[in-house]
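> This is the content of target.cif (mmCIF, N, CA and C atoms):
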data_entry
loop_
_atom_site.label_atom_id
_atom_site.label_comp_id
_atom_site.auth_asym_id
_atom_site.auth_seq_id
_atom_site.Cartn_x
_atom_site.Cartn_y
_atom_site.Cartn_z
N ARG A 1138 -0.63 -32.11 -33.63
CA ARG A 1138 0.33 -31.84 -32.58
C ARG A 1138 0.40 -33.01 -31.61
N LYS A 1139 -0.74 -33.55 -31.22
CA LYS A 1139 -0.74 -34.65 -30.25
C LYS A 1139 -0.05 -35.89 -30.80
N ARG A 1140 -0.29 -36.18 -32.09
CA ARG A 1140 0.27 -37.40 -32.68
C ARG A 1140 1.71 -37.23 -33.13
N ILE A 1141 2.05 -36.10 -33.69
CA ILE A 1141 3.35 -35.93 -34.32
C ILE A 1141 4.41 -35.35 -33.39
N ASN A 1142 4.07 -34.25 -32.72
CA ASN A 1142 5.05 -33.58 -31.87
C ASN A 1142 4.34 -32.78 -30.79
N PRO A 1143 4.20 -33.36 -29.61
CA PRO A 1143 3.49 -32.65 -28.54
C PRO A 1143 4.20 -31.38 -28.08
N ASN A 1144 5.47 -31.23 -28.39
CA ASN A 1144 6.22 -30.04 -28.00
C ASN A 1144 6.09 -28.90 -29.01
N LEU A 1145 5.42 -29.15 -30.13
CA LEU A 1145 5.26 -28.14 -31.16
C LEU A 1145 4.44 -26.97 -30.64
N GLN A 1146 4.93 -25.77 -30.89
CA GLN A 1146 4.20 -24.57 -30.49
C GLN A 1146 3.95 -23.71 -31.72
N VAL A 1147 2.75 -23.23 -31.87
CA VAL A 1147 2.38 -22.39 -33.00
C VAL A 1147 2.57 -20.93 -32.60
N SER A 1148 3.37 -20.22 -33.39
CA SER A 1148 3.60 -18.80 -33.10
C SER A 1148 2.43 -17.95 -33.56
N GLY A 1149 1.78 -18.38 -34.63
CA GLY A 1149 0.67 -17.61 -35.14
C GLY A 1149 0.25 -18.06 -36.53
N ILE A 1150 -0.68 -17.33 -37.08
CA ILE A 1150 -1.22 -17.63 -38.40
C ILE A 1150 -0.75 -16.55 -39.37
N LEU A 1151 -0.18 -16.98 -40.49
CA LEU A 1151 0.26 -16.08 -41.55
C LEU A 1151 -0.64 -16.30 -42.75
N LEU A 1152 -1.35 -15.26 -43.17
CA LEU A 1152 -2.22 -15.36 -44.33
C LEU A 1152 -1.39 -15.16 -45.60
N THR A 1153 -1.50 -16.11 -46.52
CA THR A 1153 -0.76 -16.05 -47.76
C THR A 1153 -1.73 -16.02 -48.94
N MET A 1154 -1.19 -15.68 -50.11
CA MET A 1154 -1.99 -15.55 -51.32
C MET A 1154 -3.16 -14.60 -51.10
N CYS A 1155 -2.87 -13.53 -50.40
CA CYS A 1155 -3.89 -12.57 -49.97
C CYS A 1155 -3.69 -11.25 -50.69
N GLU A 1156 -4.70 -10.81 -51.38
CA GLU A 1156 -4.63 -9.52 -52.08
C GLU A 1156 -5.43 -8.51 -51.27
N LYS A 1157 -4.74 -7.56 -50.67
CA LYS A 1157 -5.36 -6.60 -49.76
C LYS A 1157 -6.49 -5.79 -50.39
N ARG A 1158 -6.47 -5.63 -51.69
CA ARG A 1158 -7.48 -4.81 -52.37
C ARG A 1158 -8.82 -5.54 -52.52
N THR A 1159 -8.85 -6.84 -52.24
CA THR A 1159 -10.08 -7.59 -52.45
C THR A 1159 -10.91 -7.70 -51.18
N THR A 1160 -12.19 -7.82 -51.38
CA THR A 1160 -13.11 -8.02 -50.26
C THR A 1160 -12.84 -9.37 -49.60
N LEU A 1161 -12.51 -10.37 -50.41
CA LEU A 1161 -12.25 -11.71 -49.88
C LEU A 1161 -11.15 -11.70 -48.83
N CYS A 1162 -10.08 -11.00 -49.11
CA CYS A 1162 -8.97 -10.92 -48.15
C CYS A 1162 -9.44 -10.26 -46.85
N SER A 1163 -10.20 -9.21 -46.95
CA SER A 1163 -10.71 -8.51 -45.76
C SER A 1163 -11.62 -9.42 -44.95
N VAL A 1164 -12.51 -10.12 -45.63
CA VAL A 1164 -13.45 -11.02 -44.95
C VAL A 1164 -12.70 -12.17 -44.28
N LEU A 1165 -11.76 -12.77 -45.00
CA LEU A 1165 -11.01 -13.89 -44.42
C LEU A 1165 -10.17 -13.45 -43.23
N THR A 1166 -9.55 -12.30 -43.35
CA THR A 1166 -8.75 -11.77 -42.24
C THR A 1166 -9.62 -11.57 -41.00
N LYS A 1167 -10.79 -10.98 -41.20
CA LYS A 1167 -11.71 -10.73 -40.09
C LYS A 1167 -12.18 -12.06 -39.47
N GLU A 1168 -12.55 -13.01 -40.31
CA GLU A 1168 -13.05 -14.30 -39.79
C GLU A 1168 -11.97 -15.08 -39.06
N VAL A 1169 -10.77 -15.12 -39.62
CA VAL A 1169 -9.67 -15.84 -38.95
C VAL A 1169 -9.34 -15.18 -37.63
N THR A 1170 -9.28 -13.86 -37.62
CA THR A 1170 -8.98 -13.12 -36.38
C THR A 1170 -10.04 -13.38 -35.32
N GLU A 1171 -11.31 -13.33 -35.70
CA GLU A 1171 -12.39 -13.57 -34.74
C GLU A 1171 -12.41 -15.02 -34.27
N CYS A 1172 -12.18 -15.94 -35.19
CA CYS A 1172 -12.23 -17.36 -34.86
C CYS A 1172 -11.14 -17.76 -33.85
N PHE A 1173 -9.95 -17.20 -34.03
CA PHE A 1173 -8.82 -17.60 -33.18
C PHE A 1173 -8.49 -16.57 -32.10
N GLN A 1174 -9.37 -15.59 -31.91
CA GLN A 1174 -9.13 -14.52 -30.94
C GLN A 1174 -8.80 -15.08 -29.56
N GLY A 1175 -7.67 -14.66 -29.04
CA GLY A 1175 -7.27 -15.10 -27.71
C GLY A 1175 -6.62 -16.48 -27.69
N GLN A 1176 -6.63 -17.20 -28.81
CA GLN A 1176 -6.05 -18.54 -28.86
C GLN A 1176 -4.74 -18.56 -29.64
N VAL A 1177 -4.77 -17.99 -30.84
CA VAL A 1177 -3.60 -17.98 -31.71
C VAL A 1177 -3.46 -16.58 -32.30
N HIS A 1178 -2.25 -16.08 -32.30
CA HIS A 1178 -1.96 -14.77 -32.86
C HIS A 1178 -2.11 -14.82 -34.39
N VAL A 1179 -2.71 -13.80 -34.97
CA VAL A 1179 -2.80 -13.65 -36.42
C VAL A 1179 -1.86 -12.50 -36.79
N PHE A 1180 -0.84 -12.81 -37.57
CA PHE A 1180 0.14 -11.80 -37.93
C PHE A 1180 -0.49 -10.71 -38.80
N ASP A 1181 -0.01 -9.49 -38.63
CA ASP A 1181 -0.51 -8.36 -39.43
C ASP A 1181 -0.06 -8.46 -40.89
N THR A 1182 1.14 -8.98 -41.10
CA THR A 1182 1.67 -9.13 -42.45
C THR A 1182 0.86 -10.15 -43.22
N LYS A 1183 0.58 -9.82 -44.47
CA LYS A 1183 -0.11 -10.75 -45.37
C LYS A 1183 0.75 -10.90 -46.62
N ILE A 1184 0.92 -12.14 -47.05
CA ILE A 1184 1.74 -12.39 -48.23
C ILE A 1184 0.84 -12.38 -49.46
N PRO A 1185 1.11 -11.48 -50.41
CA PRO A 1185 0.25 -11.39 -51.59
C PRO A 1185 0.52 -12.51 -52.60
N ALA A 1186 -0.48 -12.81 -53.38
CA ALA A 1186 -0.32 -13.75 -54.50
C ALA A 1186 0.23 -12.94 -55.67
N THR A 1187 1.40 -13.32 -56.15
CA THR A 1187 1.99 -12.60 -57.28
C THR A 1187 2.55 -13.58 -58.29
N VAL A 1188 2.69 -13.11 -59.50
CA VAL A 1188 3.27 -13.92 -60.57
C VAL A 1188 4.73 -14.24 -60.25
N LYS A 1189 5.42 -13.31 -59.61
CA LYS A 1189 6.84 -13.51 -59.29
C LYS A 1189 7.05 -14.74 -58.40
N VAL A 1190 6.12 -15.01 -57.52
CA VAL A 1190 6.24 -16.20 -56.66
C VAL A 1190 6.20 -17.46 -57.52
N GLY A 1191 5.24 -17.52 -58.43
CA GLY A 1191 5.15 -18.67 -59.33
C GLY A 1191 6.39 -18.81 -60.20
N GLU A 1192 6.91 -17.70 -60.68
CA GLU A 1192 8.13 -17.74 -61.48
C GLU A 1192 9.32 -18.23 -60.66
N SER A 1193 9.42 -17.77 -59.43
CA SER A 1193 10.55 -18.20 -58.59
C SER A 1193 10.48 -19.71 -58.32
N ILE A 1194 9.27 -20.22 -58.15
CA ILE A 1194 9.10 -21.66 -57.95
C ILE A 1194 9.53 -22.40 -59.23
N TYR A 1195 9.10 -21.89 -60.37
CA TYR A 1195 9.44 -22.52 -61.64
C TYR A 1195 10.96 -22.59 -61.82
N TYR A 1196 11.66 -21.51 -61.46
CA TYR A 1196 13.11 -21.48 -61.60
C TYR A 1196 13.84 -22.07 -60.39
N ASN A 1197 13.07 -22.63 -59.47
CA ASN A 1197 13.63 -23.30 -58.28
C ASN A 1197 14.52 -22.35 -57.47
N MET A 1198 14.01 -21.14 -57.27
CA MET A 1198 14.75 -20.13 -56.52
C MET A 1198 13.83 -19.52 -55.46
N PRO A 1199 14.38 -19.17 -54.30
CA PRO A 1199 13.58 -18.44 -53.32
C PRO A 1199 13.18 -17.08 -53.90
N ILE A 1200 12.02 -16.61 -53.53
CA ILE A 1200 11.55 -15.32 -54.04
C ILE A 1200 12.54 -14.21 -53.71
N GLU A 1201 13.17 -14.29 -52.59
CA GLU A 1201 14.15 -13.28 -52.16
C GLU A 1201 15.32 -13.23 -53.13
N GLN A 1202 15.71 -14.35 -53.66
CA GLN A 1202 16.82 -14.41 -54.60
C GLN A 1202 16.34 -14.08 -56.02
N TYR A 1203 15.16 -14.53 -56.37
CA TYR A 1203 14.63 -14.34 -57.73
C TYR A 1203 14.29 -12.86 -58.01
N SER A 1204 13.62 -12.24 -57.05
CA SER A 1204 13.21 -10.84 -57.25
C SER A 1204 13.04 -10.15 -55.90
N LYS A 1205 14.10 -9.52 -55.43
CA LYS A 1205 14.09 -8.88 -54.10
C LYS A 1205 13.04 -7.79 -53.97
N ARG A 1206 12.68 -7.15 -55.09
CA ARG A 1206 11.73 -6.04 -55.02
C ARG A 1206 10.28 -6.47 -55.23
N ALA A 1207 10.06 -7.76 -55.48
CA ALA A 1207 8.68 -8.24 -55.65
C ALA A 1207 7.90 -8.01 -54.36
N THR A 1208 6.62 -7.70 -54.50
CA THR A 1208 5.81 -7.41 -53.30
C THR A 1208 5.80 -8.58 -52.33
N ALA A 1209 5.84 -9.79 -52.83
CA ALA A 1209 5.86 -10.96 -51.93
C ALA A 1209 7.19 -11.04 -51.18
N ALA A 1210 8.29 -10.73 -51.85
CA ALA A 1210 9.60 -10.74 -51.19
C ALA A 1210 9.64 -9.70 -50.07
N VAL A 1211 9.13 -8.53 -50.36
CA VAL A 1211 9.07 -7.46 -49.35
C VAL A 1211 8.18 -7.90 -48.19
N ALA A 1212 7.05 -8.53 -48.50
CA ALA A 1212 6.12 -8.99 -47.45
C ALA A 1212 6.77 -10.06 -46.58
N TYR A 1213 7.51 -10.98 -47.19
CA TYR A 1213 8.20 -12.01 -46.39
C TYR A 1213 9.25 -11.39 -45.48
N ARG A 1214 9.95 -10.38 -45.95
CA ARG A 1214 10.92 -9.69 -45.08
C ARG A 1214 10.20 -9.00 -43.92
N ASN A 1215 9.07 -8.38 -44.22
CA ASN A 1215 8.28 -7.73 -43.16
C ASN A 1215 7.78 -8.76 -42.16
N PHE A 1216 7.35 -9.91 -42.68
CA PHE A 1216 6.90 -10.97 -41.78
C PHE A 1216 8.03 -11.45 -40.88
N ALA A 1217 9.22 -11.59 -41.42
CA ALA A 1217 10.36 -12.02 -40.60
C ALA A 1217 10.59 -11.04 -39.45
N LYS A 1218 10.53 -9.75 -39.76
CA LYS A 1218 10.70 -8.74 -38.71
C LYS A 1218 9.57 -8.81 -37.69
N GLU A 1219 8.35 -8.95 -38.18
CA GLU A 1219 7.19 -9.04 -37.28
C GLU A 1219 7.28 -10.28 -36.40
N SER A 1220 7.66 -11.39 -37.00
CA SER A 1220 7.75 -12.65 -36.27
C SER A 1220 8.82 -12.59 -35.17
N ILE A 1221 9.96 -12.01 -35.51
CA ILE A 1221 11.03 -11.87 -34.51
C ILE A 1221 10.57 -10.97 -33.37
N GLY A 1222 9.87 -9.91 -33.71
CA GLY A 1222 9.37 -8.99 -32.69
C GLY A 1222 8.31 -9.61 -31.81
N TYR A 1223 7.53 -10.53 -32.37
CA TYR A 1223 6.44 -11.18 -31.63
C TYR A 1223 6.93 -12.37 -30.80
N GLU A 1224 8.05 -12.94 -31.20
CA GLU A 1224 8.54 -14.18 -30.60
C GLU A 1224 8.59 -14.16 -29.08
N GLY A 1225 8.97 -13.05 -28.51
CA GLY A 1225 9.11 -12.99 -27.06
C GLY A 1225 7.82 -12.73 -26.29
N LYS A 1226 6.70 -12.58 -26.99
CA LYS A 1226 5.44 -12.23 -26.32
C LYS A 1226 4.64 -13.45 -25.94
#
As structure tokens, please, write out the structure in this file.

Amino acid sequence: RKRINPNLQVSGILLTMCEKRTTLCSVLTKEVTECFQGQVHVFDTKIPATVKVGESIYYNMPIEQYSKRATAAVAYRNFAKESIGYEGK
């Protein structure tokens, strides 16, 4: 931030490639939240790692266009809503 753009502001941290059913995701979420507590917001939405994301990249298409019902596409839409709601805080 200091070198590239001093006016840059971070809205928060978005965890990606996160599978909610795994212990790793729970541990990482807890550690990131504790580490940045009071400094940077950690969004509740987590983007899962899915095959559809890799396929959309391969076909050079956004996940939203490639597969609207994919769990990652749904998660990105939820993140957009969460981010817009958090923006004013």
> List as a Markdown table every residue of range 1202-1222 of chain A that is in contact with range 1177-1196 of chain A, defined as an atom at most 9 Å from one of its atoms (using only C-alpha atoms), together with the nearest atom pair and the distance in Å rounded to one decimal, sorted by chain and then rising number.

| residue | atom | partner | partner_atom | distance |
| --- | --- | --- | --- | --- |
| A:Gln1202 | CA | A:Ser1193 | CA | 8.3 |
| A:Tyr1203 | CA | A:Ser1193 | CA | 5.7 |
| A:Ser1204 | CA | A:Lys1189 | CA | 7.2 |
| A:Ala1207 | CA | A:Lys1189 | CA | 6.7 |
| A:Thr1208 | CA | A:Pro1185 | CA | 7.0 |
| A:Ala1209 | CA | A:Pro1185 | CA | 5.6 |
| A:Ala1210 | CA | A:Val1190 | CA | 8.4 |
| A:Val1211 | CA | A:Ile1184 | CA | 8.9 |
| A:Ala1212 | CA | A:Ile1184 | CA | 5.6 |
| A:Tyr1213 | CA | A:Ile1184 | CA | 6.7 |
| A:Asn1215 | CA | A:Thr1182 | CA | 6.8 |
| A:Phe1216 | CA | A:Thr1182 | CA | 5.6 |
| A:Glu1219 | CA | A:Thr1182 | CA | 7.6 |
| A:Ser1220 | CA | A:Phe1180 | CA | 7.8 |
> Just to confirm, what's the straight-line distance from CA of Tyr1223 in chain A to CA of Ile1150 in chain A in Å (one decimal)?
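Separation of CA of Tyr1223 in chain A and CA of Ile1150 in chain A: 12.1 Å.
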> In Å, how far is it from CA of Pro1143 in chain A to CA of Gln1174 in chain A?
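One can read the CA of Pro1143 in chain A to CA of Gln1174 in chain A distance as 22.2 Å.
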> Based on DSSP run over this structure's backbone, return all residues of chain A in alpha helix (DSSP H), as a ChimeraX atom specification.
/A:1160-1172,1188-1195,1200-1203,1208-1224
> What gap, in Å, lies between CA of Gly1175 in chain A and CA of Ile1221 in chain A?
19.8 Å
> Export range 1149-1165 of chain A, all heavy atoms, as a compact mmCIF listing (two decimals), in the first residue's frame; it's the structure right above.

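The file below, part33.txt, is the result:
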# COMPACT_ATOMS: atom_id res chain seq x y z
N GLY A 1149 -11.92 -5.83 3.39
CA GLY A 1149 -11.93 -7.00 4.23
C GLY A 1149 -11.22 -8.17 3.58
O GLY A 1149 -10.66 -8.05 2.50
N ILE A 1150 -11.29 -9.29 4.24
CA ILE A 1150 -10.65 -10.52 3.78
C ILE A 1150 -11.74 -11.49 3.35
O ILE A 1150 -12.68 -11.76 4.09
CB ILE A 1150 -9.79 -11.14 4.89
CG1 ILE A 1150 -8.65 -10.19 5.25
CG2 ILE A 1150 -9.25 -12.50 4.46
CD1 ILE A 1150 -7.88 -10.60 6.49
N LEU A 1151 -11.59 -12.02 2.14
CA LEU A 1151 -12.50 -13.03 1.61
C LEU A 1151 -11.74 -14.34 1.50
O LEU A 1151 -10.73 -14.43 0.81
CB LEU A 1151 -13.02 -12.61 0.22
CG LEU A 1151 -13.86 -13.65 -0.52
CD1 LEU A 1151 -15.17 -13.92 0.23
CD2 LEU A 1151 -14.13 -13.18 -1.94
N LEU A 1152 -12.21 -15.36 2.22
CA LEU A 1152 -11.57 -16.66 2.16
C LEU A 1152 -12.09 -17.42 0.94
O LEU A 1152 -13.30 -17.55 0.74
CB LEU A 1152 -11.84 -17.45 3.43
CG LEU A 1152 -11.28 -16.83 4.70
CD1 LEU A 1152 -11.75 -17.58 5.93
CD2 LEU A 1152 -9.76 -16.81 4.66
N THR A 1153 -11.16 -17.90 0.11
CA THR A 1153 -11.51 -18.63 -1.09
C THR A 1153 -10.93 -20.04 -1.02
O THR A 1153 -10.07 -20.33 -0.20
CB THR A 1153 -10.99 -17.93 -2.35
OG1 THR A 1153 -9.56 -17.87 -2.29
CG2 THR A 1153 -11.56 -16.51 -2.47
N MET A 1154 -11.42 -20.89 -1.92
CA MET A 1154 -11.00 -22.30 -1.96
C MET A 1154 -11.19 -22.95 -0.60
O MET A 1154 -10.34 -23.69 -0.11
CB MET A 1154 -9.55 -22.41 -2.45
CG MET A 1154 -9.37 -21.90 -3.86
SD MET A 1154 -7.68 -22.03 -4.45
CE MET A 1154 -7.49 -23.80 -4.51
N CYS A 1155 -12.29 -22.62 0.02
CA CYS A 1155 -12.57 -23.05 1.39
C CYS A 1155 -13.74 -24.03 1.40
O CYS A 1155 -14.82 -23.71 0.92
CB CYS A 1155 -12.93 -21.80 2.21
SG CYS A 1155 -12.83 -22.01 3.96
N GLU A 1156 -13.52 -25.19 1.93
CA GLU A 1156 -14.58 -26.20 2.03
C GLU A 1156 -15.06 -26.23 3.47
O GLU A 1156 -14.33 -26.66 4.37
CB GLU A 1156 -14.05 -27.56 1.58
CG GLU A 1156 -15.12 -28.56 1.33
CD GLU A 1156 -16.16 -28.09 0.31
OE1 GLU A 1156 -15.77 -27.64 -0.79
OE2 GLU A 1156 -17.36 -28.14 0.64
N LYS A 1157 -16.27 -25.77 3.70
CA LYS A 1157 -16.81 -25.62 5.05
C LYS A 1157 -16.83 -26.92 5.85
O LYS A 1157 -16.80 -26.89 7.07
CB LYS A 1157 -18.23 -25.04 4.99
CG LYS A 1157 -18.28 -23.62 4.51
CD LYS A 1157 -19.70 -23.12 4.45
CE LYS A 1157 -19.74 -21.71 3.90
NZ LYS A 1157 -21.09 -21.18 3.80
N ARG A 1158 -16.88 -28.05 5.18
CA ARG A 1158 -16.97 -29.34 5.87
C ARG A 1158 -15.63 -29.78 6.46
O ARG A 1158 -15.58 -30.73 7.22
CB ARG A 1158 -17.48 -30.42 4.93
CG ARG A 1158 -18.88 -30.14 4.43
CD ARG A 1158 -19.25 -31.14 3.39
NE ARG A 1158 -18.39 -30.92 2.21
CZ ARG A 1158 -18.58 -31.45 1.03
NH1 ARG A 1158 -19.56 -32.28 0.84
NH2 ARG A 1158 -17.78 -31.18 0.03
N THR A 1159 -14.55 -29.10 6.09
CA THR A 1159 -13.23 -29.55 6.55
C THR A 1159 -12.79 -28.82 7.81
O THR A 1159 -13.16 -27.67 8.05
CB THR A 1159 -12.15 -29.34 5.47
OG1 THR A 1159 -11.98 -27.95 5.23
CG2 THR A 1159 -12.53 -30.05 4.18
N THR A 1160 -11.98 -29.49 8.58
CA THR A 1160 -11.40 -28.89 9.78
C THR A 1160 -10.47 -27.75 9.38
O THR A 1160 -10.41 -26.73 10.06
CB THR A 1160 -10.63 -29.96 10.58
OG1 THR A 1160 -11.53 -31.03 10.88
CG2 THR A 1160 -10.06 -29.39 11.86
N LEU A 1161 -9.75 -27.93 8.29
CA LEU A 1161 -8.81 -26.90 7.84
C LEU A 1161 -9.49 -25.56 7.63
O LEU A 1161 -8.99 -24.52 8.08
CB LEU A 1161 -8.10 -27.34 6.55
CG LEU A 1161 -7.11 -26.33 5.96
CD1 LEU A 1161 -5.98 -26.04 6.95
CD2 LEU A 1161 -6.57 -26.85 4.64
N CYS A 1162 -10.63 -25.57 6.99
CA CYS A 1162 -11.36 -24.32 6.76
C CYS A 1162 -11.76 -23.68 8.09
O CYS A 1162 -11.62 -22.47 8.27
CB CYS A 1162 -12.58 -24.57 5.89
SG CYS A 1162 -13.52 -23.07 5.53
N SER A 1163 -12.23 -24.47 9.01
CA SER A 1163 -12.63 -23.95 10.33
C SER A 1163 -11.43 -23.35 11.06
O SER A 1163 -11.53 -22.26 11.64
CB SER A 1163 -13.24 -25.06 11.18
OG SER A 1163 -14.38 -25.57 10.58
N VAL A 1164 -10.32 -24.05 11.04
CA VAL A 1164 -9.11 -23.58 11.72
C VAL A 1164 -8.60 -22.29 11.08
O VAL A 1164 -8.28 -21.32 11.78
CB VAL A 1164 -8.01 -24.68 11.71
CG1 VAL A 1164 -6.67 -24.13 12.18
CG2 VAL A 1164 -8.44 -25.85 12.57
N LEU A 1165 -8.54 -22.27 9.75
CA LEU A 1165 -8.06 -21.06 9.06
C LEU A 1165 -8.97 -19.87 9.30
O LEU A 1165 -8.50 -18.75 9.53
CB LEU A 1165 -7.92 -21.33 7.56
CG LEU A 1165 -6.77 -22.21 7.14
CD1 LEU A 1165 -6.82 -22.48 5.65
CD2 LEU A 1165 -5.44 -21.57 7.51
